[in-house]
file target.cif (mmCIF, C-alpha atoms)
data_structure
#
loop_
_atom_site.group_PDB
_atom_site.id
_atom_site.type_symbol
_atom_site.label_atom_id
_atom_site.label_comp_id
_atom_site.auth_asym_id
_atom_site.auth_seq_id
_atom_site.Cartn_x
_atom_site.Cartn_y
_atom_site.Cartn_z
ATOM 1 C CA MET A 1 80.069 50.964 19.062
ATOM 2 C CA LYS A 2 78.206 53.201 21.516
ATOM 3 C CA ILE A 3 80.320 55.912 23.107
ATOM 4 C CA ASP A 4 79.205 56.098 26.716
ATOM 5 C CA HIS A 5 80.575 57.330 30.000
ATOM 6 C CA GLN A 6 82.159 53.984 30.865
ATOM 7 C CA LEU A 7 84.001 53.771 27.551
ATOM 8 C CA LEU A 8 85.289 57.339 27.873
ATOM 9 C CA GLU A 9 86.594 56.594 31.357
ATOM 10 C CA LYS A 10 88.454 53.584 29.970
ATOM 11 C CA TYR A 11 89.875 55.737 27.176
ATOM 12 C CA TRP A 12 91.129 58.489 29.456
ATOM 13 C CA SER A 13 92.636 55.909 31.818
ATOM 14 C CA GLY A 14 94.438 54.162 28.943
ATOM 15 C CA GLN A 15 92.585 50.854 29.430
ATOM 16 C CA CYS A 16 90.783 50.632 26.074
ATOM 17 C CA THR A 17 91.363 47.847 23.612
ATOM 18 C CA LEU A 18 92.636 48.831 20.162
ATOM 19 C CA VAL A 19 89.124 48.640 18.707
ATOM 20 C CA GLU A 20 87.634 50.720 21.535
ATOM 21 C CA LYS A 21 90.442 53.275 21.225
ATOM 22 C CA GLN A 22 89.879 53.668 17.467
ATOM 23 C CA ALA A 23 86.128 54.033 18.026
ATOM 24 C CA VAL A 24 86.560 56.812 20.591
ATOM 25 C CA GLU A 25 89.098 58.675 18.443
ATOM 26 C CA ALA A 26 86.848 58.355 15.373
ATOM 27 C CA TRP A 27 83.993 59.749 17.451
ATOM 28 C CA MET A 28 86.160 62.690 18.455
ATOM 29 C CA ALA A 29 87.412 63.260 14.897
ATOM 30 C CA ASP A 30 83.914 63.170 13.401
ATOM 31 C CA ASP A 31 82.703 65.808 15.810
ATOM 32 C CA ILE A 32 79.754 63.708 16.895
ATOM 33 C CA PRO A 33 77.756 65.673 19.503
ATOM 34 C CA GLU A 34 78.410 64.522 23.013
ATOM 35 C CA ASP A 35 75.659 63.085 25.162
ATOM 36 C CA GLU A 36 75.278 64.467 28.642
ATOM 37 C CA PHE A 37 76.837 61.803 30.846
ATOM 38 C CA ALA A 38 75.986 61.864 34.526
ATOM 39 C CA LEU A 39 78.988 62.552 36.714
ATOM 40 C CA ARG A 40 80.166 59.676 38.851
ATOM 41 C CA LYS A 41 82.762 59.378 41.576
ATOM 42 C CA SER A 42 86.074 58.570 39.973
ATOM 43 C CA LYS A 43 88.384 55.882 41.322
ATOM 44 C CA TYR A 44 91.399 58.016 40.416
ATOM 45 C CA THR A 45 93.003 60.674 42.533
ATOM 46 C CA PRO A 46 93.440 64.225 41.135
ATOM 47 C CA GLU A 47 97.129 63.510 40.565
ATOM 48 C CA GLU A 48 96.352 60.305 38.625
ATOM 49 C CA LYS A 49 93.726 62.107 36.558
ATOM 50 C CA LYS A 50 96.179 64.832 35.622
ATOM 51 C CA ASP A 51 98.773 62.276 34.540
ATOM 52 C CA ILE A 52 96.229 60.395 32.420
ATOM 53 C CA LEU A 53 94.937 63.578 30.788
ATOM 54 C CA TRP A 54 98.424 64.795 29.989
ATOM 55 C CA GLN A 55 99.334 61.444 28.440
ATOM 56 C CA ASN A 56 96.303 61.468 26.199
ATOM 57 C CA ILE A 57 96.714 65.106 25.236
ATOM 58 C CA ARG A 58 100.328 64.481 24.245
ATOM 59 C CA HIS A 59 99.336 61.293 22.426
ATOM 60 C CA HIS A 60 96.682 63.129 20.473
ATOM 61 C CA ALA A 61 99.111 65.952 19.629
ATOM 62 C CA GLU A 62 101.630 63.422 18.318
ATOM 63 C CA MET A 63 98.958 61.801 16.174
ATOM 64 C CA THR A 64 97.937 65.192 14.862
ATOM 65 C CA ASP A 65 101.520 66.088 13.893
ATOM 66 C CA ALA A 66 101.977 62.745 12.121
ATOM 67 C CA ALA A 67 98.621 62.731 10.286
ATOM 68 C CA PRO A 68 97.656 64.739 7.177
ATOM 69 C CA LYS A 69 96.098 68.122 7.883
ATOM 70 C CA GLN A 70 92.430 67.193 7.601
ATOM 71 C CA LYS A 71 89.373 69.045 8.637
ATOM 72 C CA SER A 72 88.256 66.260 10.950
ATOM 73 C CA ILE A 73 91.378 66.649 13.089
ATOM 74 C CA TRP A 74 90.777 70.354 13.516
ATOM 75 C CA LYS A 75 87.252 69.531 14.580
ATOM 76 C CA SER A 76 88.609 67.377 17.388
ATOM 77 C CA TRP A 77 90.471 70.255 19.003
ATOM 78 C CA PRO A 78 87.455 71.572 20.952
ATOM 79 C CA LYS A 79 87.410 68.293 22.851
ATOM 80 C CA VAL A 80 91.158 68.340 23.387
ATOM 81 C CA GLY A 81 90.822 71.913 24.596
ATOM 82 C CA ALA A 82 88.102 70.818 26.960
ATOM 83 C CA ALA A 83 90.404 68.142 28.315
ATOM 84 C CA ALA A 84 93.146 70.722 28.811
ATOM 85 C CA CYS A 85 90.703 72.975 30.642
ATOM 86 C CA LEU A 86 89.705 70.067 32.840
ATOM 87 C CA LEU A 87 93.379 69.454 33.595
ATOM 88 C CA CYS A 88 93.811 73.084 34.646
ATOM 89 C CA ILE A 89 90.738 72.887 36.865
ATOM 90 C CA LEU A 90 92.040 69.714 38.499
ATOM 91 C CA SER A 91 95.438 71.307 39.016
ATOM 92 C CA TRP A 92 93.993 74.407 40.651
ATOM 93 C CA ALA A 93 91.649 72.267 42.742
ATOM 94 C CA THR A 94 94.565 70.174 43.969
ATOM 95 C CA ILE A 95 96.610 73.282 44.813
ATOM 96 C CA TYR A 96 93.635 74.811 46.636
ATOM 97 C CA ILE A 97 92.991 71.642 48.621
ATOM 98 C CA ARG A 98 96.641 71.344 49.593
ATOM 99 C CA SER A 99 96.878 75.028 50.490
ATOM 100 C CA ASP A 100 93.715 74.746 52.540
ATOM 101 C CA LYS A 101 95.095 71.741 54.416
ATOM 102 C CA MET A 102 98.370 73.557 55.041
ATOM 103 C CA ALA A 103 96.498 76.599 56.317
ATOM 104 C CA LYS A 104 94.429 74.495 58.711
ATOM 105 C CA LYS A 105 97.330 72.369 59.934
ATOM 106 C CA PRO A 106 98.829 73.945 63.067
ATOM 107 C CA ILE A 107 102.495 74.897 62.725
ATOM 108 C CA GLU A 108 104.500 73.366 65.522
ATOM 109 C CA THR A 109 106.844 75.930 67.058
ATOM 110 C CA THR A 110 109.068 75.693 70.099
ATOM 111 C CA ARG A 111 108.068 78.120 72.820
ATOM 112 C CA PHE A 112 110.836 79.261 75.141
ATOM 113 C CA VAL A 113 110.713 80.477 78.722
ATOM 114 C CA TYR A 114 113.094 83.216 79.876
ATOM 115 C CA ILE A 115 113.900 83.678 83.560
ATOM 116 C CA GLU A 116 116.017 86.415 85.107
ATOM 117 C CA VAL A 117 116.580 86.262 88.851
ATOM 118 C CA PRO A 118 117.178 89.724 90.377
ATOM 119 C CA PHE A 119 119.941 90.495 92.858
ATOM 120 C CA GLY A 120 119.015 89.533 96.389
ATOM 121 C CA LYS A 121 116.759 86.665 95.215
ATOM 122 C CA LYS A 122 117.079 82.998 94.336
ATOM 123 C CA GLN A 123 114.707 80.761 92.452
ATOM 124 C CA LYS A 124 113.943 77.066 92.008
ATOM 125 C CA LEU A 125 112.077 75.480 89.125
ATOM 126 C CA THR A 126 111.291 72.094 87.620
ATOM 127 C CA LEU A 127 111.425 71.551 83.845
ATOM 128 C CA SER A 128 109.040 69.429 81.758
ATOM 129 C CA ASP A 129 111.358 66.375 81.987
ATOM 130 C CA GLY A 130 111.521 66.508 85.783
ATOM 131 C CA THR A 131 114.924 68.220 85.974
ATOM 132 C CA ALA A 132 115.196 70.510 89.028
ATOM 133 C CA ILE A 133 117.259 73.696 88.821
ATOM 134 C CA SER A 134 118.279 76.183 91.509
ATOM 135 C CA LEU A 135 119.165 79.639 90.175
ATOM 136 C CA ASN A 136 121.460 81.974 92.075
ATOM 137 C CA SER A 137 121.045 85.755 92.266
ATOM 138 C CA GLY A 138 121.599 87.645 89.015
ATOM 139 C CA THR A 139 121.160 84.530 86.846
ATOM 140 C CA LYS A 140 119.448 84.233 83.462
ATOM 141 C CA LEU A 141 118.081 80.987 82.020
ATOM 142 C CA ARG A 142 116.359 80.152 78.747
ATOM 143 C CA TYR A 143 114.652 76.790 78.205
ATOM 144 C CA PRO A 144 111.860 75.317 76.023
ATOM 145 C CA GLU A 145 108.429 74.625 77.493
ATOM 146 C CA HIS A 146 108.755 71.099 76.138
ATOM 147 C CA PHE A 147 112.002 69.415 75.128
ATOM 148 C CA ALA A 148 112.591 67.949 71.670
ATOM 149 C CA ALA A 149 112.671 64.204 71.058
ATOM 150 C CA ALA A 150 116.434 64.073 70.491
ATOM 151 C CA LYS A 151 117.890 66.271 73.221
ATOM 152 C CA ARG A 152 117.220 68.588 76.163
ATOM 153 C CA GLU A 153 118.977 71.933 75.920
ATOM 154 C CA VAL A 154 119.018 75.114 78.027
ATOM 155 C CA VAL A 155 121.076 78.320 77.951
ATOM 156 C CA LEU A 156 122.633 79.720 81.133
ATOM 157 C CA ASP A 157 124.157 83.072 82.091
ATOM 158 C CA GLY A 158 125.013 83.140 85.785
ATOM 159 C CA GLU A 159 125.095 80.298 88.305
ATOM 160 C CA ALA A 160 122.817 77.297 88.687
ATOM 161 C CA PHE A 161 122.728 73.907 90.371
ATOM 162 C CA PHE A 162 121.234 71.161 88.207
ATOM 163 C CA GLU A 163 119.608 67.920 89.326
ATOM 164 C CA VAL A 164 119.081 66.378 85.901
ATOM 165 C CA SER A 165 116.402 63.747 85.437
ATOM 166 C CA LYS A 166 117.887 60.574 83.909
ATOM 167 C CA ASP A 167 117.077 59.942 80.258
ATOM 168 C CA PRO A 168 119.670 57.837 78.367
ATOM 169 C CA LYS A 169 118.029 58.590 75.022
ATOM 170 C CA ARG A 170 118.055 62.388 75.423
ATOM 171 C CA PRO A 171 121.225 64.079 76.681
ATOM 172 C CA PHE A 172 120.804 67.210 78.777
ATOM 173 C CA ILE A 173 122.933 70.086 77.496
ATOM 174 C CA VAL A 174 123.700 73.404 79.188
ATOM 175 C CA GLN A 175 125.062 76.034 76.828
ATOM 176 C CA THR A 176 126.869 79.134 78.052
ATOM 177 C CA LYS A 177 128.618 81.850 76.092
ATOM 178 C CA ASN A 178 131.843 79.826 76.012
ATOM 179 C CA THR A 179 131.172 76.239 77.087
ATOM 180 C CA SER A 180 128.883 73.248 76.665
ATOM 181 C CA THR A 181 128.023 70.824 79.471
ATOM 182 C CA ARG A 182 126.491 67.486 78.484
ATOM 183 C CA VAL A 183 124.989 64.871 80.826
ATOM 184 C CA LEU A 184 122.454 62.052 80.791
ATOM 185 C CA GLY A 185 121.363 62.411 84.403
ATOM 186 C CA THR A 186 123.380 63.780 87.312
ATOM 187 C CA ARG A 187 123.956 66.659 89.774
ATOM 188 C CA PHE A 188 126.363 69.521 89.158
ATOM 189 C CA ASN A 189 126.947 73.238 89.710
ATOM 190 C CA LEU A 190 127.794 75.515 86.793
ATOM 191 C CA LEU A 191 129.032 79.097 87.082
ATOM 192 C CA SER A 192 129.315 81.268 83.971
ATOM 193 C CA ARG A 193 129.439 85.033 84.304
ATOM 194 C CA SER A 194 130.717 87.643 81.881
ATOM 195 C CA GLY A 195 134.364 88.475 82.489
ATOM 196 C CA GLN A 196 134.906 85.428 84.718
ATOM 197 C CA ALA A 197 135.986 81.850 84.173
ATOM 198 C CA ASP A 198 133.378 79.140 83.600
ATOM 199 C CA ILE A 199 133.492 76.741 86.554
ATOM 200 C CA LEU A 200 131.871 73.307 86.474
ATOM 201 C CA THR A 201 131.713 71.316 89.728
ATOM 202 C CA VAL A 202 130.286 67.788 89.711
ATOM 203 C CA GLU A 203 128.542 66.366 92.754
ATOM 204 C CA GLU A 204 127.282 63.101 91.274
ATOM 205 C CA GLY A 205 127.572 61.086 88.055
ATOM 206 C CA ARG A 206 129.582 61.882 84.936
ATOM 207 C CA VAL A 207 129.640 65.153 83.029
ATOM 208 C CA GLN A 208 131.180 66.031 79.663
ATOM 209 C CA PHE A 209 132.644 69.544 79.474
ATOM 210 C CA THR A 210 133.750 71.238 76.232
ATOM 211 C CA ALA A 211 134.478 74.747 74.936
ATOM 212 C CA MET A 212 134.158 76.246 71.466
ATOM 213 C CA ASP A 213 137.779 77.372 71.133
ATOM 214 C CA CYS A 214 139.406 74.552 73.091
ATOM 215 C CA ILE A 215 140.455 71.168 71.735
ATOM 216 C CA ASP A 216 140.079 69.525 75.152
ATOM 217 C CA THR A 217 136.953 67.579 76.064
ATOM 218 C CA LEU A 218 136.880 66.626 79.735
ATOM 219 C CA LEU A 219 134.865 63.913 81.433
ATOM 220 C CA LEU A 220 134.300 64.819 85.073
ATOM 221 C CA LYS A 221 133.189 62.591 87.945
ATOM 222 C CA ALA A 222 132.014 63.391 91.472
ATOM 223 C CA ASN A 223 134.095 65.981 93.354
ATOM 224 C CA MET A 224 135.915 67.065 90.221
ATOM 225 C CA GLN A 225 135.984 70.640 88.997
ATOM 226 C CA SER A 226 136.961 72.126 85.656
ATOM 227 C CA THR A 227 137.750 75.782 85.061
ATOM 228 C CA TYR A 228 137.697 77.232 81.561
ATOM 229 C CA GLN A 229 139.212 80.591 80.687
ATOM 230 C CA ALA A 230 141.062 82.094 77.716
ATOM 231 C CA GLY A 231 140.984 78.900 75.652
ATOM 232 C CA LYS A 232 142.356 76.654 78.399
ATOM 233 C CA MET A 233 140.805 74.108 80.724
ATOM 234 C CA LYS A 234 142.053 73.066 84.141
ATOM 235 C CA LEU A 235 140.937 70.060 86.145
ATOM 236 C CA ILE A 236 141.218 69.664 89.935
ATOM 237 C CA THR A 237 139.676 67.645 92.754
ATOM 238 C CA VAL A 238 137.466 69.571 95.209
ATOM 239 C CA ASN A 239 134.809 69.179 97.866
ATOM 240 C CA SER A 240 131.693 69.725 95.739
ATOM 241 C CA GLU A 241 129.584 70.699 98.774
ATOM 242 C CA LEU A 242 131.531 73.948 99.076
ATOM 243 C CA PHE A 243 130.335 74.999 95.615
ATOM 244 C CA ASN A 244 126.645 74.274 95.996
ATOM 245 C CA ALA A 245 126.354 75.613 99.543
ATOM 246 C CA TRP A 246 124.614 78.697 98.179
ATOM 247 C CA THR A 247 121.559 76.550 97.405
ATOM 248 C CA LYS A 248 121.214 76.010 101.177
ATOM 249 C CA GLY A 249 121.582 79.708 102.006
ATOM 250 C CA GLU A 250 125.274 79.455 102.864
ATOM 251 C CA LEU A 251 128.017 81.882 101.871
ATOM 252 C CA ILE A 252 131.460 80.306 101.937
ATOM 253 C CA PHE A 253 134.662 82.272 101.358
ATOM 254 C CA ASP A 254 137.701 80.020 101.164
ATOM 255 C CA ASN A 255 140.667 82.391 101.034
ATOM 256 C CA LYS A 256 138.969 84.675 98.513
ATOM 257 C CA THR A 257 140.159 88.227 98.047
ATOM 258 C CA ILE A 258 137.971 91.201 98.865
ATOM 259 C CA LYS A 259 137.902 91.897 95.131
ATOM 260 C CA GLN A 260 136.303 88.457 94.592
ATOM 261 C CA VAL A 261 133.986 88.768 97.575
ATOM 262 C CA ILE A 262 132.472 92.147 96.617
ATOM 263 C CA PRO A 263 130.470 91.004 93.540
ATOM 264 C CA GLU A 264 129.148 87.993 95.451
ATOM 265 C CA LEU A 265 127.895 90.203 98.273
ATOM 266 C CA GLU A 266 126.363 92.632 95.769
ATOM 267 C CA ARG A 267 124.331 89.855 94.131
ATOM 268 C CA TRP A 268 123.474 88.110 97.387
ATOM 269 C CA TYR A 269 122.199 91.219 99.197
ATOM 270 C CA ASN A 270 121.309 93.454 96.221
ATOM 271 C CA VAL A 271 123.610 96.293 97.276
ATOM 272 C CA LYS A 272 126.305 98.463 95.706
ATOM 273 C CA ILE A 273 129.738 98.196 97.350
ATOM 274 C CA THR A 274 132.508 100.739 96.850
ATOM 275 C CA CYS A 275 136.043 100.585 98.187
ATOM 276 C CA GLN A 276 137.733 103.832 99.246
ATOM 277 C CA ASN A 277 141.155 102.234 99.573
ATOM 278 C CA THR A 278 142.063 99.956 96.656
ATOM 279 C CA ALA A 279 144.865 98.353 98.675
ATOM 280 C CA ILE A 280 142.339 96.370 100.707
ATOM 281 C CA LEU A 281 141.054 94.613 97.590
ATOM 282 C CA ASN A 282 143.882 92.101 97.898
ATOM 283 C CA ASP A 283 143.057 91.175 101.494
ATOM 284 C CA GLN A 284 141.936 87.555 101.799
ATOM 285 C CA VAL A 285 138.817 86.330 103.568
ATOM 286 C CA LYS A 286 137.914 82.918 104.949
ATOM 287 C CA GLY A 287 134.571 82.179 106.555
ATOM 288 C CA LYS A 288 131.202 80.460 106.405
ATOM 289 C CA PHE A 289 127.909 82.300 106.820
ATOM 290 C CA LYS A 290 124.457 80.726 106.866
ATOM 291 C CA GLN A 291 121.348 82.868 106.467
ATOM 292 C CA ALA A 292 123.402 85.777 107.806
ATOM 293 C CA SER A 293 122.561 89.446 107.430
ATOM 294 C CA LEU A 294 124.820 91.796 105.451
ATOM 295 C CA ALA A 295 125.844 93.614 108.607
ATOM 296 C CA SER A 296 126.820 90.332 110.260
ATOM 297 C CA VAL A 297 128.971 89.277 107.279
ATOM 298 C CA LEU A 298 130.695 92.679 107.061
ATOM 299 C CA HIS A 299 131.311 92.677 110.818
ATOM 300 C CA ASP A 300 133.130 89.312 110.648
ATOM 301 C CA ILE A 301 135.114 90.349 107.566
ATOM 302 C CA GLY A 302 136.118 93.587 109.271
ATOM 303 C CA PHE A 303 137.180 91.743 112.424
ATOM 304 C CA ALA A 304 139.457 89.429 110.395
ATOM 305 C CA THR A 305 140.963 92.070 108.110
ATOM 306 C CA SER A 306 140.663 95.377 110.010
ATOM 307 C CA ILE A 307 138.412 96.672 107.223
ATOM 308 C CA LYS A 308 135.777 99.197 108.265
ATOM 309 C CA TYR A 309 132.444 99.709 106.577
ATOM 310 C CA THR A 310 129.327 101.874 106.458
ATOM 311 C CA ILE A 311 125.856 100.839 105.242
ATOM 312 C CA LYS A 312 123.369 103.403 103.980
ATOM 313 C CA ASP A 313 120.221 102.084 102.290
ATOM 314 C CA LYS A 314 121.555 99.939 99.411
ATOM 315 C CA GLU A 315 125.068 101.347 99.419
ATOM 316 C CA VAL A 316 128.098 99.981 101.266
ATOM 317 C CA SER A 317 131.465 101.658 101.627
ATOM 318 C CA LEU A 318 134.635 99.797 102.644
ATOM 319 C CA TYR A 319 137.685 101.591 103.976
ATOM 320 C CA ARG A 320 140.555 101.303 106.412
#

call {"tool": "encode", "arguments": {"input": "target.cif", "output": "structure tokens"}}
result
Amino acid sequence: MKIDHQLLEKYWSGQCTLVEKQAVEAWMADDIPEDEFALRKSKYTPEEKKDILWQNIRHHAEMTDAAPKQKSIWKSWPKVGAAACLLCILSWATIYIRSDKMAKKPIETTRFVYIEVPFGKKQKLTLSDGTAISLNSGTKLRYPEHFAAAKREVVLDGEAFFEVSKDPKRPFIVQTKNTSTRVLGTRFNLLSRSGQADILTVEEGRVQFTAMDCIDTLLLKANMQSTYQAGKMKLITVNSELFNAWTKGELIFDNKTIKQVIPELERWYNVKITCQNTAILNDQVKGKFKQASLASVLHDIGFATSIKYTIKDKEVSLYR
């Protein structure tokens, strides 16, 4: 029987008949010189070739262990060694091809945008999903350039008003240091500043509000407000327009103390306010100011509380 390229391919693929198999193995054992067979495109993948070669190498080793130690078997080892070398070459070729593909394949990474609004400024932006956000003075926001397929998530430090684009399949989540706000599409105001309570005020739709160290999970509707502080949540009914008035350039003080008003004025006008008499910090203020100057606001506060003030560059002093 002539040993040709086609018969060898059948042998290595395990498709030989018993007679063909014995002929090939006799040819190998007798150390008959190989003809130079022209290379052809194989129908097997590198992985399939490796499996076939390993099977035949193991089969030949088992036959060698079981057979008497004859010279003809030792003569066959150069061909077995060649097969092993071919296996190594195929293995390295496969690894190289895979490595090359991995190197060329672009790695998908999420790119984030960081925004920090300085004191005295406000900013509006629209995210990739169509969600519109208004950022108050002194606010920080982190968000991805493009949202993931499963959810839309941003991180807030400060105050922002959200008009979330509706997407039932991807919830919109706002994470703060202490709380998590989850919606599918609605309008709400969220305040979260260091040292203060987190305050969520809903203008439209339904909003889920949770905290890391609080067992309560609240579901808020329009004109409902939740305050989270020190592991506890409170829920009240409010006029939501009072809490997003800042987006329209309005300052509203509804019986707030001077102590509460000072940081708002500092962020709004980018000034530093000091109080010479600490007793006036407990005075309460009520008023509404739209696109008003700092001097105008201080004048009205002083008229209502008998508090005096001086303004020099970016510094304000309150006294009585």

call {"tool": "resolve_selection", "arguments": {"input": "target.cif", "expression": "the PyMOL selection byres ((chain A and resi 205) around 7)", "output": "mmCIF file with C-alpha atoms, keeping the file's coordinate frame"}}
result
data_model
loop_
_atom_site.group_PDB
_atom_site.id
_atom_site.type_symbol
_atom_site.label_atom_id
_atom_site.label_comp_id
_atom_site.auth_asym_id
_atom_site.auth_seq_id
_atom_site.Cartn_x
_atom_site.Cartn_y
_atom_site.Cartn_z
ATOM 1 C CA THR A 186 123.380 63.780 87.312
ATOM 2 C CA ARG A 187 123.956 66.659 89.774
ATOM 3 C CA GLU A 204 127.282 63.101 91.274
ATOM 4 C CA ARG A 206 129.582 61.882 84.936
ATOM 5 C CA VAL A 207 129.640 65.153 83.029
ATOM 6 C CA LYS A 221 133.189 62.591 87.945
ATOM 7 C CA ALA A 222 132.014 63.391 91.472
#

call {"tool": "resolve_selection", "arguments": {"input": "target.cif", "expression": "the PyMOL selection byres ((chain A and resi 269) around 8)", "output": "list in words"}}
result
Phe119, Gly120, Leu265, Glu266, Arg267, Trp268, Asn270, Val271 and Leu294 of chain A

call {"tool": "write_last_selection", "arguments": {"input": "target.cif", "atoms": "C-alpha atoms", "output": "PDB file, in the frame of the given file"}}
result
ATOM      1  CA  PHE A 119     119.941  90.495  92.858  1.00  0.00           C
ATOM      2  CA  GLY A 120     119.015  89.533  96.389  1.00  0.00           C
ATOM      3  CA  LEU A 265     127.895  90.203  98.273  1.00  0.00           C
ATOM      4  CA  GLU A 266     126.363  92.632  95.769  1.00  0.00           C
ATOM      5  CA  ARG A 267     124.331  89.855  94.131  1.00  0.00           C
ATOM      6  CA  TRP A 268     123.474  88.110  97.387  1.00  0.00           C
ATOM      7  CA  ASN A 270     121.309  93.454  96.221  1.00  0.00           C
ATOM      8  CA  VAL A 271     123.610  96.293  97.276  1.00  0.00           C
ATOM      9  CA  LEU A 294     124.820  91.796 105.451  1.00  0.00           C
TER      10      LEU A 294
END

call {"tool": "atom_distance", "arguments": {"input": "target.cif", "atom1": "atom CA of His299 of chain A", "atom2": "atom CA of Ser192 of chain A"}}
result
29.2 Å

call {"tool": "resolve_selection", "arguments": {"input": "target.cif", "expression": "the PyMOL selection byres ((chain A and resi 130) around 9)", "output": "list in words"}}
result
Thr126, Leu127, Ser128, Asp129, Thr131, Ala132, Glu163, Val164, Ser165 and Lys166 of chain A

call {"tool": "residues_around", "arguments": {"input": "target.cif", "residues": "Ser296 of chain A", "least_positions_apart": "5", "cutoff": "12 Å", "atoms": "all atoms listed in the file", "output": "ChimeraX atom specification"}}
result
/A:251,287-291,301-303,309,311

call {"tool": "residues_around", "arguments": {"input": "target.cif", "residues": "Asp283 of chain A", "least_positions_apart": "2", "cutoff": "6 Å", "atoms": "all atoms listed in the file", "output": "PyMOL selection string"}}
result
chain A and resi 257-258+280-281

call {"tool": "residues_near_point", "arguments": {"input": "target.cif", "point": "(132.1, 77.2, 70.7)", "cutoff": "12 Å", "atoms": "only C-alpha atoms", "output": "number ranges by chain"}}
result
A: 175-181, 209-216, 231

call {"tool": "atom_distance", "arguments": {"input": "target.cif", "atom1": "atom CA of Asp254 of chain A", "atom2": "atom CA of Gln284 of chain A"}}
result
8.7 Å

call {"tool": "closest_residue", "arguments": {"input": "target.cif", "among": "A:Gln208, A:Gln225, A:Thr310, A:Thr247", "to": "Lys122 of chain A", "atoms": "all atoms listed in the file"}}
result
A:Thr247

call {"tool": "closest_residue", "arguments": {"input": "target.cif", "among": "A:Ile199, A:Ala23, A:Val154, A:Ala149", "to": "Ile3 of chain A", "atoms": "only C-alpha atoms"}}
result
A:Ala23

call {"tool": "atom_distance", "arguments": {"input": "target.cif", "atom1": "atom CA of Leu191 of chain A", "atom2": "atom CA of Tyr319 of chain A"}}
result
29.4 Å

call {"tool": "closest_residue", "arguments": {"input": "target.cif", "among": "A:Glu264, A:Gln22, A:Lys151, A:Leu218", "to": "Trp246 of chain A", "atoms": "all atoms listed in the file"}}
result
A:Glu264

call {"tool": "closest_residue", "arguments": {"input": "target.cif", "among": "A:Ala292, A:Asn136, A:Gln276, A:Leu235", "to": "Glu250 of chain A", "atoms": "all atoms listed in the file"}}
result
A:Ala292

call {"tool": "closest_residue", "arguments": {"input": "target.cif", "among": "A:Lys248, A:Lys272, A:Arg320, A:Lys21", "to": "Phe161 of chain A", "atoms": "all atoms listed in the file"}}
result
A:Lys248

call {"tool": "closest_residue", "arguments": {"input": "target.cif", "among": "A:Thr139, A:Ser293, A:Val174, A:Ala304", "to": "Arg152 of chain A", "atoms": "only C-alpha atoms"}}
result
A:Val174

call {"tool": "residues_around", "arguments": {"input": "target.cif", "residues": "Gln196 of chain A", "least_positions_apart": "6", "cutoff": "12 Å", "atoms": "all atoms listed in the file", "output": "PyMOL selection string"}}
result
chain A and resi 157-159+177-178+227-230+260+263
